[in-house]
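A.B. asks: My structure is stored as entry-v5.cif, with mmCIF, C-alpha atoms and all ligand atoms.
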```cif
data_final
#
loop_
_atom_site.label_atom_id
_atom_site.label_comp_id
_atom_site.auth_asym_id
_atom_site.auth_seq_id
_atom_site.Cartn_x
_atom_site.Cartn_y
_atom_site.Cartn_z
CA MET A 3 20.30 -22.84 14.95
CA LYS A 4 20.07 -19.37 13.48
CA LEU A 5 18.40 -19.03 10.10
CA GLU A 6 20.34 -17.35 7.29
CA ASN A 7 17.15 -15.65 6.13
CA ASP A 8 14.73 -15.02 8.99
CA LEU A 9 12.91 -12.05 7.44
CA LEU A 10 9.55 -13.84 7.66
CA LEU A 11 9.93 -14.60 11.36
CA ARG A 12 11.12 -11.11 12.24
CA ALA A 13 8.22 -9.57 10.33
CA ALA A 14 5.83 -12.01 12.04
CA ARG A 15 7.13 -10.84 15.42
CA GLY A 16 6.39 -7.27 14.41
CA GLU A 17 10.01 -6.23 13.91
CA LYS A 18 11.13 -3.85 11.21
CA THR A 19 12.94 -5.69 8.39
CA GLU A 20 15.40 -4.43 5.78
CA ARG A 21 13.03 -5.67 3.07
CA THR A 22 9.59 -7.25 2.85
CA PRO A 23 9.57 -11.07 3.06
CA VAL A 24 7.57 -12.87 0.37
CA TRP A 25 6.10 -16.35 -0.15
CA MET A 26 2.99 -17.67 -1.88
CA MET A 27 0.12 -19.81 -0.74
CA ARG A 28 0.13 -23.01 -2.87
CA GLN A 29 3.68 -22.27 -4.01
CA ALA A 30 4.48 -26.00 -3.88
CA GLY A 31 2.27 -27.29 -6.63
CA ARG A 32 1.18 -27.50 -10.21
CA ILE A 33 2.63 -24.18 -11.42
CA LEU A 34 6.03 -25.90 -11.47
CA ALA A 35 6.89 -28.50 -14.12
CA GLU A 36 9.33 -29.91 -11.56
CA TYR A 37 6.39 -30.52 -9.17
CA ARG A 38 4.34 -32.19 -11.88
CA ALA A 39 7.27 -34.52 -12.61
CA VAL A 40 7.57 -35.64 -8.97
CA ARG A 41 3.80 -36.05 -8.71
CA GLU A 42 3.87 -38.20 -11.85
CA LYS A 43 6.59 -40.33 -10.29
CA ALA A 44 4.57 -40.67 -7.06
CA GLY A 45 1.48 -41.76 -8.99
CA SER A 46 -1.10 -39.67 -7.14
CA PHE A 47 -1.45 -36.64 -4.91
CA ILE A 48 -2.01 -38.82 -1.83
CA GLN A 49 1.02 -41.01 -2.63
CA LEU A 50 3.09 -37.85 -2.93
CA ALA A 51 1.75 -36.34 0.28
CA THR A 52 2.30 -39.55 2.27
CA THR A 53 5.85 -40.24 1.03
CA PRO A 54 8.02 -38.01 3.26
CA GLU A 55 11.06 -37.91 0.94
CA LEU A 56 8.94 -36.82 -2.04
CA ALA A 57 6.85 -34.36 0.01
CA ALA A 58 10.11 -32.80 1.23
CA GLU A 59 11.44 -32.63 -2.33
CA VAL A 60 8.47 -30.62 -3.63
CA THR A 61 8.48 -28.43 -0.50
CA LEU A 62 12.01 -27.30 -1.40
CA GLN A 63 11.29 -26.62 -5.07
CA PRO A 64 9.84 -23.10 -4.67
CA VAL A 65 12.78 -22.08 -2.46
CA ASP A 66 15.28 -23.19 -5.10
CA LEU A 67 13.31 -22.32 -8.23
CA LEU A 68 11.34 -19.22 -7.26
CA GLY A 69 13.44 -17.61 -4.51
CA VAL A 70 10.70 -17.32 -1.87
CA ASP A 71 11.63 -16.36 1.70
CA ALA A 72 9.92 -19.40 3.27
CA ALA A 73 9.03 -23.00 2.51
CA ILE A 74 5.58 -24.37 3.34
CA ILE A 75 5.39 -28.07 4.03
CA PHE A 76 3.74 -29.99 1.20
CA SER A 77 0.61 -31.62 2.60
CA ASP A 78 -3.12 -30.85 2.74
CA ILE A 79 -5.57 -29.62 5.35
CA LEU A 80 -7.57 -32.85 4.84
CA VAL A 81 -4.99 -35.05 6.55
CA VAL A 82 -6.60 -34.10 9.87
CA PRO A 83 -10.05 -35.63 9.16
CA GLU A 84 -8.23 -38.70 7.86
CA ALA A 85 -6.28 -38.93 11.13
CA MET A 86 -9.62 -38.71 12.98
CA GLY A 87 -10.93 -41.73 11.08
CA LEU A 88 -12.42 -40.18 7.94
CA PRO A 89 -10.23 -40.90 4.90
CA TYR A 90 -10.34 -38.72 1.76
CA GLU A 91 -9.63 -39.32 -1.91
CA MET A 92 -8.29 -36.78 -4.37
CA VAL A 93 -10.22 -37.05 -7.63
CA GLU A 94 -8.42 -35.74 -10.71
CA GLN A 95 -9.97 -32.49 -12.04
CA ARG A 96 -12.51 -32.53 -9.21
CA GLY A 97 -10.70 -32.19 -5.91
CA PRO A 98 -11.12 -33.91 -2.57
CA VAL A 99 -13.94 -36.37 -1.85
CA PHE A 100 -14.82 -38.12 1.40
CA PRO A 101 -16.50 -41.48 0.66
CA LYS A 102 -18.00 -41.38 4.17
CA THR A 103 -19.18 -38.23 5.94
CA VAL A 104 -20.26 -37.37 9.51
CA LYS A 105 -23.82 -36.17 9.99
CA ASN A 106 -25.14 -37.65 13.21
CA THR A 107 -24.13 -38.40 16.78
CA GLU A 108 -23.38 -42.08 16.12
CA GLU A 109 -20.96 -41.27 13.28
CA LEU A 110 -19.44 -38.52 15.39
CA ALA A 111 -18.85 -40.89 18.32
CA LYS A 112 -16.73 -43.14 16.07
CA LEU A 113 -14.24 -40.35 15.32
CA ARG A 114 -11.10 -40.12 17.41
CA ILE A 115 -8.95 -37.18 18.44
CA ALA A 116 -5.97 -37.37 16.09
CA ASP A 117 -2.73 -38.65 17.59
CA PRO A 118 -0.11 -36.81 15.50
CA GLU A 119 2.72 -39.28 16.11
CA ALA A 120 0.59 -42.32 15.29
CA ASP A 121 -1.69 -40.92 12.58
CA LEU A 122 0.30 -38.09 10.98
CA GLY A 123 3.85 -39.37 11.39
CA TYR A 124 4.42 -39.06 7.64
CA VAL A 125 3.93 -35.26 7.77
CA LEU A 126 6.20 -34.96 10.82
CA GLU A 127 8.82 -37.04 9.01
CA ALA A 128 8.50 -34.82 5.90
CA ILE A 129 9.07 -31.76 8.12
CA LYS A 130 12.21 -33.32 9.62
CA ILE A 131 13.62 -34.20 6.18
CA THR A 132 12.77 -30.74 4.84
CA LYS A 133 14.42 -29.00 7.80
CA LYS A 134 17.61 -30.95 7.24
CA ALA A 135 17.63 -30.23 3.50
CA LEU A 136 16.86 -26.53 4.03
CA ASN A 137 19.93 -26.34 6.23
CA ASN A 138 18.63 -23.15 7.91
CA ARG A 139 18.35 -21.22 4.65
CA VAL A 140 14.74 -20.04 5.19
CA PRO A 141 12.00 -20.76 7.74
CA LEU A 142 9.56 -23.64 7.26
CA ILE A 143 5.83 -22.96 7.58
CA GLY A 144 3.52 -25.66 8.92
CA PHE A 145 -0.25 -25.46 8.63
CA ALA A 146 -3.70 -26.86 9.30
CA GLY A 147 -7.25 -26.03 8.29
CA ALA A 148 -9.40 -24.01 10.67
CA PRO A 149 -11.97 -26.22 12.44
CA PHE A 150 -14.94 -24.72 10.55
CA THR A 151 -13.34 -25.33 7.13
CA ILE A 152 -12.53 -28.93 8.10
CA PHE A 153 -16.11 -29.32 9.41
CA CYS A 154 -17.32 -28.27 5.94
CA TYR A 155 -15.45 -31.10 4.20
CA MET A 156 -16.23 -33.72 6.85
CA THR A 157 -19.99 -33.13 6.69
CA GLU A 158 -20.43 -32.17 3.02
CA GLY A 159 -17.99 -34.82 1.77
CA LYS A 160 -16.70 -32.75 -1.14
CA GLY A 161 -16.07 -29.21 -2.29
CA SER A 162 -19.11 -27.01 -2.85
CA LYS A 163 -19.88 -23.40 -3.77
CA THR A 164 -22.37 -23.02 -0.92
CA PHE A 165 -21.54 -25.84 1.53
CA SER A 166 -25.26 -25.88 2.24
CA VAL A 167 -25.17 -29.41 3.71
CA ALA A 168 -22.53 -28.30 6.21
CA LYS A 169 -24.24 -24.98 6.94
CA LYS A 170 -27.63 -26.61 7.39
CA LEU A 171 -26.22 -28.52 10.37
CA LEU A 172 -25.31 -25.27 12.11
CA TYR A 173 -29.03 -24.40 12.15
CA THR A 174 -30.60 -27.84 12.58
CA ASP A 175 -28.18 -29.39 15.08
CA PRO A 176 -25.88 -26.83 16.72
CA VAL A 177 -25.00 -29.23 19.55
CA PHE A 178 -23.71 -31.78 17.01
CA ALA A 179 -21.85 -29.00 15.18
CA HIS A 180 -20.13 -27.75 18.34
CA THR A 181 -19.18 -31.28 19.42
CA LEU A 182 -17.60 -32.04 16.04
CA LEU A 183 -15.87 -28.64 15.91
CA GLN A 184 -14.36 -29.27 19.35
CA LYS A 185 -13.07 -32.69 18.29
CA ILE A 186 -11.47 -31.15 15.20
CA THR A 187 -9.99 -28.36 17.35
CA ASP A 188 -8.43 -30.79 19.83
CA SER A 189 -6.96 -32.79 16.93
CA THR A 190 -5.66 -29.64 15.24
CA ILE A 191 -3.97 -28.27 18.37
CA ALA A 192 -2.15 -31.57 18.92
CA TYR A 193 -1.14 -31.68 15.24
CA LEU A 194 0.14 -28.09 15.09
CA LYS A 195 2.11 -28.49 18.31
CA ALA A 196 3.71 -31.65 16.90
CA GLN A 197 4.69 -29.72 13.75
CA ALA A 198 6.38 -27.05 15.89
CA VAL A 199 8.23 -29.70 17.92
CA VAL A 200 9.80 -31.23 14.79
CA GLY A 201 10.82 -27.85 13.38
CA ALA A 202 8.02 -25.80 11.81
CA ASN A 203 8.98 -22.16 12.46
CA LEU A 204 5.54 -20.62 11.93
CA LEU A 205 2.06 -22.14 11.69
CA GLN A 206 -0.72 -20.92 9.41
CA VAL A 207 -4.39 -21.70 10.01
CA PHE A 208 -6.45 -21.69 6.78
CA ASP A 209 -10.14 -20.85 7.20
CA SER A 210 -10.82 -21.13 3.49
CA TRP A 211 -14.61 -21.21 3.82
CA ALA A 212 -15.02 -18.46 6.44
CA GLY A 213 -16.70 -16.30 3.81
CA ILE A 214 -19.83 -18.45 3.57
CA LEU A 215 -20.86 -17.65 7.17
CA SER A 216 -22.83 -14.68 8.44
CA PRO A 217 -20.99 -12.54 11.01
CA ALA A 218 -23.11 -14.03 13.81
CA GLN A 219 -22.44 -17.61 12.66
CA TYR A 220 -18.75 -16.87 12.26
CA ARG A 221 -18.66 -15.60 15.84
CA GLU A 222 -20.39 -18.75 17.09
CA PHE A 223 -18.98 -21.56 14.90
CA SER A 224 -15.54 -20.48 13.75
CA LEU A 225 -13.83 -17.77 15.80
CA PRO A 226 -14.00 -19.48 19.23
CA TYR A 227 -12.23 -22.55 17.84
CA ILE A 228 -9.54 -20.51 16.07
CA LYS A 229 -9.12 -18.66 19.37
CA GLN A 230 -8.52 -21.94 21.19
CA ILE A 231 -5.82 -22.81 18.64
CA CYS A 232 -4.12 -19.39 18.90
CA ASP A 233 -4.17 -19.55 22.70
CA ALA A 234 -2.79 -23.10 22.76
CA ILE A 235 0.10 -22.54 20.33
CA THR A 236 2.79 -20.70 22.25
CA GLU A 237 5.79 -22.37 20.63
CA VAL A 238 5.96 -20.39 17.35
CA PRO A 239 4.13 -17.48 15.70
CA VAL A 240 0.68 -18.22 14.21
CA THR A 241 -0.94 -16.73 11.10
CA VAL A 242 -4.72 -16.72 10.76
CA PHE A 243 -5.99 -16.56 7.17
CA ALA A 244 -9.78 -16.44 7.00
CA LYS A 245 -10.76 -16.15 3.34
CA GLY A 246 -13.78 -13.93 2.87
CA ALA A 247 -14.14 -12.97 6.56
CA TYR A 248 -13.81 -9.23 5.91
CA PHE A 249 -16.66 -8.74 8.38
CA ALA A 250 -14.63 -10.32 11.21
CA ARG A 251 -11.33 -8.51 10.71
CA ALA A 252 -11.48 -6.54 13.97
CA GLU A 253 -12.24 -9.70 15.96
CA ILE A 254 -9.53 -11.69 14.20
CA GLY A 255 -7.20 -8.81 15.07
CA GLN A 256 -7.97 -9.41 18.76
CA LEU A 257 -6.80 -13.05 18.67
CA SER A 258 -3.45 -14.02 20.18
CA CYS A 259 -1.96 -14.73 16.72
CA SER A 260 1.03 -12.84 15.32
CA VAL A 261 -0.07 -12.43 11.70
CA VAL A 262 -3.42 -11.89 9.97
CA GLY A 263 -3.72 -12.93 6.32
CA LEU A 264 -5.84 -10.78 4.01
CA ASP A 265 -7.54 -11.78 0.78
CA TRP A 266 -7.82 -9.40 -2.17
CA ASN A 267 -11.38 -8.34 -1.32
CA MET A 268 -10.10 -6.73 1.86
CA ASP A 269 -9.16 -3.10 1.41
CA ILE A 270 -5.64 -2.55 2.75
CA ALA A 271 -6.16 0.83 4.44
CA GLU A 272 -9.40 -0.36 6.02
CA SER A 273 -7.70 -3.59 7.21
CA ARG A 274 -4.84 -1.64 8.77
CA ALA A 275 -7.30 0.55 10.63
CA LEU A 276 -9.14 -2.54 11.91
CA ILE A 277 -5.97 -4.52 12.76
CA PRO A 278 -3.36 -1.91 13.73
CA HIS A 279 -1.23 -3.98 16.12
CA LYS A 280 -0.42 -7.09 14.11
CA THR A 281 1.65 -8.12 11.12
CA LEU A 282 -0.45 -8.30 7.97
CA GLN A 283 0.03 -10.76 5.09
CA GLY A 284 -1.32 -10.71 1.58
CA ASN A 285 -3.12 -9.82 -0.57
CA LEU A 286 -2.49 -9.60 -4.33
CA ASP A 287 -5.28 -10.97 -6.50
CA PRO A 288 -3.74 -14.17 -7.99
CA CYS A 289 -5.25 -13.10 -11.35
CA VAL A 290 -2.82 -10.17 -11.48
CA LEU A 291 -0.23 -12.82 -12.41
CA TYR A 292 -2.06 -13.34 -15.71
CA GLY A 293 -1.21 -9.71 -16.59
CA SER A 294 1.88 -8.34 -18.30
CA TYR A 295 5.20 -7.99 -16.44
CA ASP A 296 4.65 -4.23 -16.29
CA GLN A 297 1.18 -4.68 -14.83
CA ILE A 298 2.47 -7.11 -12.21
CA LYS A 299 5.26 -4.72 -11.17
CA LYS A 300 2.84 -1.81 -10.95
CA GLU A 301 0.26 -3.73 -8.89
CA VAL A 302 2.89 -5.17 -6.53
CA ARG A 303 4.47 -1.77 -5.88
CA GLN A 304 1.07 -0.24 -5.30
CA MET A 305 0.21 -3.00 -2.83
CA ILE A 306 3.45 -2.68 -0.84
CA GLY A 307 3.05 1.08 -0.75
CA GLN A 308 -0.32 0.66 0.89
CA PHE A 309 1.05 -1.72 3.54
CA GLU A 310 4.09 0.51 4.25
CA GLY A 311 4.54 1.44 7.92
CA GLN A 312 3.03 -1.72 9.43
CA PRO A 313 4.88 -5.06 9.80
CA TYR A 314 4.13 -6.91 6.58
CA ILE A 315 4.63 -10.21 4.70
CA ALA A 316 3.91 -10.10 0.95
CA ASN A 317 1.76 -12.90 -0.47
CA LEU A 318 -1.18 -13.42 -2.76
CA GLY A 319 -4.73 -13.06 -1.46
CA HIS A 320 -5.26 -16.83 -1.90
CA GLY A 321 -3.41 -19.74 -3.48
CA VAL A 322 -1.68 -19.26 -6.84
CA TYR A 323 -3.72 -20.68 -9.73
CA PRO A 324 -2.20 -23.81 -11.32
CA ASP A 325 -2.05 -22.37 -14.86
CA THR A 326 0.06 -19.36 -13.82
CA ASN A 327 3.33 -18.89 -15.74
CA PRO A 328 6.24 -19.43 -13.29
CA ASP A 329 8.07 -16.48 -14.87
CA LYS A 330 5.18 -14.22 -13.83
CA VAL A 331 5.47 -15.66 -10.33
CA ARG A 332 9.19 -14.84 -10.34
CA CYS A 333 8.33 -11.32 -11.44
CA PHE A 334 6.00 -10.99 -8.42
CA ILE A 335 8.69 -12.25 -6.03
CA GLU A 336 11.50 -10.18 -7.54
CA THR A 337 9.41 -7.01 -7.50
CA VAL A 338 8.73 -7.45 -3.78
CA LYS A 339 12.42 -8.03 -3.12
CA GLU A 340 13.46 -4.93 -5.05
CA TYR A 341 10.97 -2.74 -3.20
CA SER A 342 12.59 -2.19 0.18
CA LEU A 343 10.44 -0.78 2.93
C1 LIG B 1 -9.21 -25.76 1.10
C2 LIG B 1 -7.83 -26.35 1.11
C3 LIG B 1 -7.45 -27.65 0.65
N1 LIG B 1 -6.10 -27.77 0.86
C4 LIG B 1 -5.58 -26.64 1.39
C5 LIG B 1 -6.65 -25.73 1.60
C6 LIG B 1 -6.54 -24.39 2.28
C7 LIG B 1 -5.96 -23.36 1.40
C8 LIG B 1 -6.88 -22.88 0.31
O1 LIG B 1 -7.94 -22.35 0.64
O2 LIG B 1 -6.49 -23.02 -0.85
C9 LIG B 1 -4.20 -26.36 1.81
C10 LIG B 1 -3.08 -26.85 0.98
N2 LIG B 1 -3.08 -27.82 -0.01
C11 LIG B 1 -1.84 -27.98 -0.50
C12 LIG B 1 -0.97 -27.14 0.23
C13 LIG B 1 0.54 -27.23 0.03
C14 LIG B 1 1.41 -26.23 0.45
C15 LIG B 1 1.42 -24.96 -0.39
O3 LIG B 1 2.23 -24.89 -1.33
O4 LIG B 1 0.67 -24.02 -0.08
C16 LIG B 1 -1.75 -26.40 1.13
C17 LIG B 1 -1.34 -25.33 2.13
C18 LIG B 1 -1.44 -28.91 -1.57
C19 LIG B 1 -2.43 -29.29 -2.59
N3 LIG B 1 -3.72 -29.70 -2.38
C20 LIG B 1 -4.31 -30.02 -3.57
C21 LIG B 1 -3.37 -29.84 -4.61
C22 LIG B 1 -3.59 -30.12 -6.08
C23 LIG B 1 -3.69 -31.58 -6.35
C24 LIG B 1 -2.60 -32.14 -7.21
O5 LIG B 1 -1.46 -31.66 -7.28
O6 LIG B 1 -2.91 -33.15 -7.83
C25 LIG B 1 -2.18 -29.38 -4.00
C26 LIG B 1 -0.87 -29.09 -4.66
C27 LIG B 1 -5.69 -30.52 -3.76
C28 LIG B 1 -6.78 -29.88 -2.99
N4 LIG B 1 -6.81 -29.74 -1.64
C29 LIG B 1 -7.96 -29.06 -1.26
C30 LIG B 1 -8.71 -28.79 -2.44
C31 LIG B 1 -10.03 -28.06 -2.49
C32 LIG B 1 -7.98 -29.33 -3.51
C33 LIG B 1 -8.42 -29.40 -4.95
C34 LIG B 1 -8.27 -28.12 -5.65
C35 LIG B 1 -6.95 -28.06 -6.35
O7 LIG B 1 -6.70 -28.99 -7.11
O8 LIG B 1 -6.21 -27.11 -6.13
C36 LIG B 1 -8.33 -28.71 0.11
#
```
I need this file expressed as structure tokens, please.

C.D. replies:
Amino acid sequence: MKLENDLLLRAARGEKTERTPVWMMRQAGRILAEYRAVREKAGSFIQLATTPELAAEVTLQPVDLLGVDAAIIFSDILVVPEAMGLPYEMVEQRGPVFPKTVKNTEELAKLRIADPEADLGYVLEAIKITKKALNNRVPLIGFAGAPFTIFCYMTEGKGSKTFSVAKKLLYTDPVFAHTLLQKITDSTIAYLKAQAVVGANLLQVFDSWAGILSPAQYREFSLPYIKQICDAITEVPVTVFAKGAYFARAEIGQLSCSVVGLDWNMDIAESRALIPHKTLQGNLDPCVLYGSYDQIKKEVRQMIGQFEGQPYIANLGHGVYPDTNPDKVRCFIETVKEYSL
């Protein structure tokens, strides 16, 4: 079925579009009172994420309430470790915690390759419900974490500024690290393919912790696994967003993905020179949305002007912060829509 608004997909394929498509990482979430109400009703983040009807409901909210050009399925990157046998908890005000972690060969041997139908059926069901409710209005984005970012959580057990427990393993036991990374990669490929089969129109890979690695470590422990994912996913376009990996932009540009996501530390002109043949996505500093309406309009126009001439999808440089005023978000989205390339 043809989508009414397929700007995102055409831009992802490198086609010229009548205007720039726009969506926001973390658009389905706490910025919206309507999200907070559904989350309240669900009882917890995990209840919400594992109840397909409710996950679909909050996925649709930003399309209806903010006017974005794509929906992104409401879930989390940490559902993959859970499907491999390592459950997580979401602690209020603190974030995700894994009661058990993986640090040695015995623990690693107990993990399975995720079976999407058996272990992640609730996400696939949420995608099906969302697709029906969207009724071809806009594309639906599916996603997964990049293997290195998932490795960080599975070994460290919680968020961290340095992820030094995870990084230590890269130096002390590279064989263990590669074996775990491969298991995560195999699980992720199966999961992303399953998302495409049930209707995801584009898949984004989030390497949120790429920036903690040295260029050499990134080349050894992250890029080869993202490459496997990009090569395996032939069903729909893929976006690679590697937060903080400014040093690897040229190599990321060589992957067989369609879109490269930029964070706000990445200079736009420099990024275009390094990645000339792909669609770029990004990269407004989410803190700009704390500014005045005039400041937001000025910054957004400046950003689009710098991307002009290359296929482009407007977004923030990372997820929107939960205390952002939704009216400022609407200003961001409207300004992109008014500025036609
Ligand atoms: C690293 C990472 C995680 N999750 C995710 C990433 C990669 C993207 C990034 O770098 O931000 C991805 C993610 N998590 C969530 C989405 C939903 C879709 C979207 O709107 O983008 C997506 C794409 C929902 C969520 N995932 C989480 C929330 C907030 C929890 C809540 O609503 O109670 C939401 C809406 C929780 C979460 N989940 C995670 C953390 C560190 C936290 C706690 C921090 C926080 O609270 O924002 C892990």

A.B. asks: Of the candidates A:Lys105, A:Lys185, A:Lys112, A:Lys160, which shows the shortest atom-to-atom distance to ligand LIG 1 (chain B), using all atoms listed in the file?

C.D. replies: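 Closest to ligand LIG 1 (chain B), using all atoms listed in the file: A:Lys160.
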
A.B. asks: Of the residues A:Ala316, A:Ala244, A:Ala168, A:Ala13, which is the one nearest to ligand LIG 1 (chain B), using only C-alpha atoms and all ligand atoms?

C.D. replies: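 Closest residue, counting only C-alpha atoms and all ligand atoms: A:Ala244.
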
A.B. asks: As a CSV table (one decimal) with C-alpha atoms, in the frame of the given file, please: every protein or nucleic acid residue near ligand LIG 1 (chain B) (cut-off 6 Å, counting only C-alpha atoms and all ligand atoms).

C.D. replies:
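Saved as out-v6.csv:
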```
chain,number,residue,atom,x,y,z
A,27,MET,CA,0.1,-19.8,-0.7
A,28,ARG,CA,0.1,-23.0,-2.9
A,29,GLN,CA,3.7,-22.3,-4.0
A,30,ALA,CA,4.5,-26.0,-3.9
A,31,GLY,CA,2.3,-27.3,-6.6
A,32,ARG,CA,1.2,-27.5,-10.2
A,47,PHE,CA,-1.4,-36.6,-4.9
A,74,ILE,CA,5.6,-24.4,3.3
A,75,ILE,CA,5.4,-28.1,4.0
A,76,PHE,CA,3.7,-30.0,1.2
A,77,SER,CA,0.6,-31.6,2.6
A,78,ASP,CA,-3.1,-30.8,2.7
A,79,ILE,CA,-5.6,-29.6,5.4
A,97,GLY,CA,-10.7,-32.2,-5.9
A,98,PRO,CA,-11.1,-33.9,-2.6
A,208,PHE,CA,-6.4,-21.7,6.8
A,210,SER,CA,-10.8,-21.1,3.5
A,321,GLY,CA,-3.4,-19.7,-3.5
```

A.B. asks: Have a look at CA of Val140 in chain A and CA of Asn7 in chain A and let me know their distance in Å, one decimal.

C.D. replies: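 Between CA of Val140 in chain A and CA of Asn7 in chain A the gap is 5.1 Å.
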
A.B. asks: Measure the distance from CA of Asp8 in chain A to CA of Val60 in chain A in Å and round it to one decimal.

C.D. replies: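 For CA of Asp8 in chain A relative to CA of Val60 in chain A, the distance reads 21.0 Å.
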
A.B. asks: Distance CA of Asp188 in chain A-CA of Ile48 in chain A, one decimal place?

C.D. replies: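 A separation of 24.0 Å between them.
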
A.B. asks: Report as a PDB file with C-alpha atoms, keeping the file's coordinate frame all protein, DNA and RNA residues lying within 12 Å of Gly311 in chain A, evaluated on all atoms listed in the file, omitting residues in the same chain fewer than 6 positions from it.

C.D. replies:
```pdb
ATOM      1  CA  ALA A  13       8.220  -9.570  10.330  1.00  0.00           C
ATOM      2  CA  GLY A  16       6.390  -7.270  14.410  1.00  0.00           C
ATOM      3  CA  GLU A  17      10.010  -6.230  13.910  1.00  0.00           C
ATOM      4  CA  LYS A  18      11.130  -3.850  11.210  1.00  0.00           C
ATOM      5  CA  THR A  19      12.940  -5.690   8.390  1.00  0.00           C
ATOM      6  CA  THR A  22       9.590  -7.250   2.850  1.00  0.00           C
ATOM      7  CA  ALA A 271      -6.160   0.830   4.440  1.00  0.00           C
ATOM      8  CA  ARG A 274      -4.840  -1.640   8.770  1.00  0.00           C
ATOM      9  CA  PRO A 278      -3.360  -1.910  13.730  1.00  0.00           C
ATOM     10  CA  HIS A 279      -1.230  -3.980  16.120  1.00  0.00           C
ATOM     11  CA  LYS A 280      -0.420  -7.090  14.110  1.00  0.00           C
ATOM     12  CA  THR A 281       1.650  -8.120  11.120  1.00  0.00           C
ATOM     13  CA  LEU A 282      -0.450  -8.300   7.970  1.00  0.00           C
ATOM     14  CA  SER A 342      12.590  -2.190   0.180  1.00  0.00           C
ATOM     15  CA  LEU A 343      10.440  -0.780   2.930  1.00  0.00           C
TER      16      LEU A 343
END
```

A.B. asks: In terms of the shortest atom-to-atom distance over only C-alpha atoms, which of A:Ile235, A:Leu171, A:Ile228, A:Val207 is closest to Gln184 in chain A?

C.D. replies: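 Going through A:Ile235, A:Leu171, A:Ile228, A:Val207 one by one, the smallest distance to Gln184 in chain A is for A:Ile228.
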
A.B. asks: Considering all atoms listed in the file, state which residue in the set A:Met305, A:Leu264, A:Ala275, A:Leu10 is at the smallest distance from Ile143 in chain A.

C.D. replies: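 Among the listed residues, A:Leu10 lies closest to Ile143 in chain A.
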
A.B. asks: With only C-alpha atoms as the atoms that count, which of A:Glu272, A:Tyr341, A:Leu5, A:Met26 lies nearest to Leu318 in chain A?

C.D. replies: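 Selected residue with least distance to Leu318 in chain A: A:Met26.
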
A.B. asks: Measuring atom to atom with all atoms listed in the file, identify which of A:Gly307, A:Pro226, A:Pro328, A:Pro83 is nearest to Gln256 in chain A.

C.D. replies: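 Residue with the minimum atom-to-atom distance to Gln256 in chain A: A:Pro226.
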
A.B. asks: Extract, using only C-alpha atoms, all DNA, RNA and protein residues at most 6 Å from Gly213 in chain A, discarding same-chain residues fewer than 5 positions from it, and format them as a list in words.

C.D. replies: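 The residues satisfying every condition are Lys245, Gly246 and Ala247 of chain A.
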
A.B. asks: At a cut-off of 7 Å around the point (-12.6, -29.0, 12.0) (file coordinates), what residues fall inside when counting all atoms listed in the file? I'd like the answer as a PDB file with C-alpha atoms, in the coordinates of the input.

C.D. replies:
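Output (part_12.pdb):
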```pdb
ATOM      1  CA  ALA A 148      -9.400 -24.010  10.670  1.00  0.00           C
ATOM      2  CA  PRO A 149     -11.970 -26.220  12.440  1.00  0.00           C
ATOM      3  CA  PHE A 150     -14.940 -24.720  10.550  1.00  0.00           C
ATOM      4  CA  THR A 151     -13.340 -25.330   7.130  1.00  0.00           C
ATOM      5  CA  ILE A 152     -12.530 -28.930   8.100  1.00  0.00           C
ATOM      6  CA  PHE A 153     -16.110 -29.320   9.410  1.00  0.00           C
ATOM      7  CA  LEU A 183     -15.870 -28.640  15.910  1.00  0.00           C
ATOM      8  CA  ILE A 186     -11.470 -31.150  15.200  1.00  0.00           C
ATOM      9  CA  THR A 187      -9.990 -28.360  17.350  1.00  0.00           C
TER      10      THR A 187
END
```

A.B. asks: Identify the residues around (-0.3, -32.0, 10.7) within a radius of 8 Å, measuring from only C-alpha atoms in the coordinates stated by the file, and give them as a PyMOL selection string.

C.D. replies: chain A and resi 79+81-82+118+122+125-126+144-146+190+193-194+196-197

A.B. asks: Fewer than 2 positions away in the same chain doesn't count, so skip those; otherwise give me all residues within 9 Å of Gly161 in chain A, counting only C-alpha atoms, as a VMD selection string.

C.D. replies: chain A and resid 96 to 99 154 to 155 158 to 159 163 to 165

A.B. asks: Taking 6 positions as the minimum chain separation for residues in the same chain, which residues sit within 8 Å of Val240 in chain A when counting all atoms listed in the file? Answer as a PyMOL selection string.

C.D. replies: chain A and resi 204-207+232+259-261

A.B. asks: Any idea what's packed within 12 Å of Val40 in chain A, counting only C-alpha atoms, ignoring anything in its chain fewer than 4 positions away? Could you give it as a PyMOL selection string?

C.D. replies: chain A and resi 30-32+34-36+44-47+49-51+53+55-61+63

A.B. asks: Output: range 54-68 of chain A of the preceding structure, restricted to C-alpha atoms, written as an mmCIF file, in the first residue's frame.

C.D. replies:
```cif
data_model
loop_
_atom_site.group_PDB
_atom_site.id
_atom_site.type_symbol
_atom_site.label_atom_id
_atom_site.label_comp_id
_atom_site.auth_asym_id
_atom_site.auth_seq_id
_atom_site.Cartn_x
_atom_site.Cartn_y
_atom_site.Cartn_z
ATOM 1 C CA PRO A 54 1.065 -3.974 22.380
ATOM 2 C CA GLU A 55 -2.166 -1.916 22.371
ATOM 3 C CA LEU A 56 -0.692 0.681 24.740
ATOM 4 C CA ALA A 57 2.714 0.730 22.996
ATOM 5 C CA ALA A 58 0.879 1.361 19.718
ATOM 6 C CA GLU A 59 -1.185 4.127 21.320
ATOM 7 C CA VAL A 60 1.875 6.101 22.475
ATOM 8 C CA THR A 61 3.637 5.463 19.151
ATOM 9 C CA LEU A 62 0.808 7.305 17.378
ATOM 10 C CA GLN A 63 0.705 10.271 19.760
ATOM 11 C CA PRO A 64 3.542 12.302 18.184
ATOM 12 C CA VAL A 65 2.038 11.819 14.708
ATOM 13 C CA ASP A 66 -1.316 13.174 15.876
ATOM 14 C CA LEU A 67 -0.117 15.748 18.401
ATOM 15 C CA LEU A 68 3.163 17.018 16.939
#
```
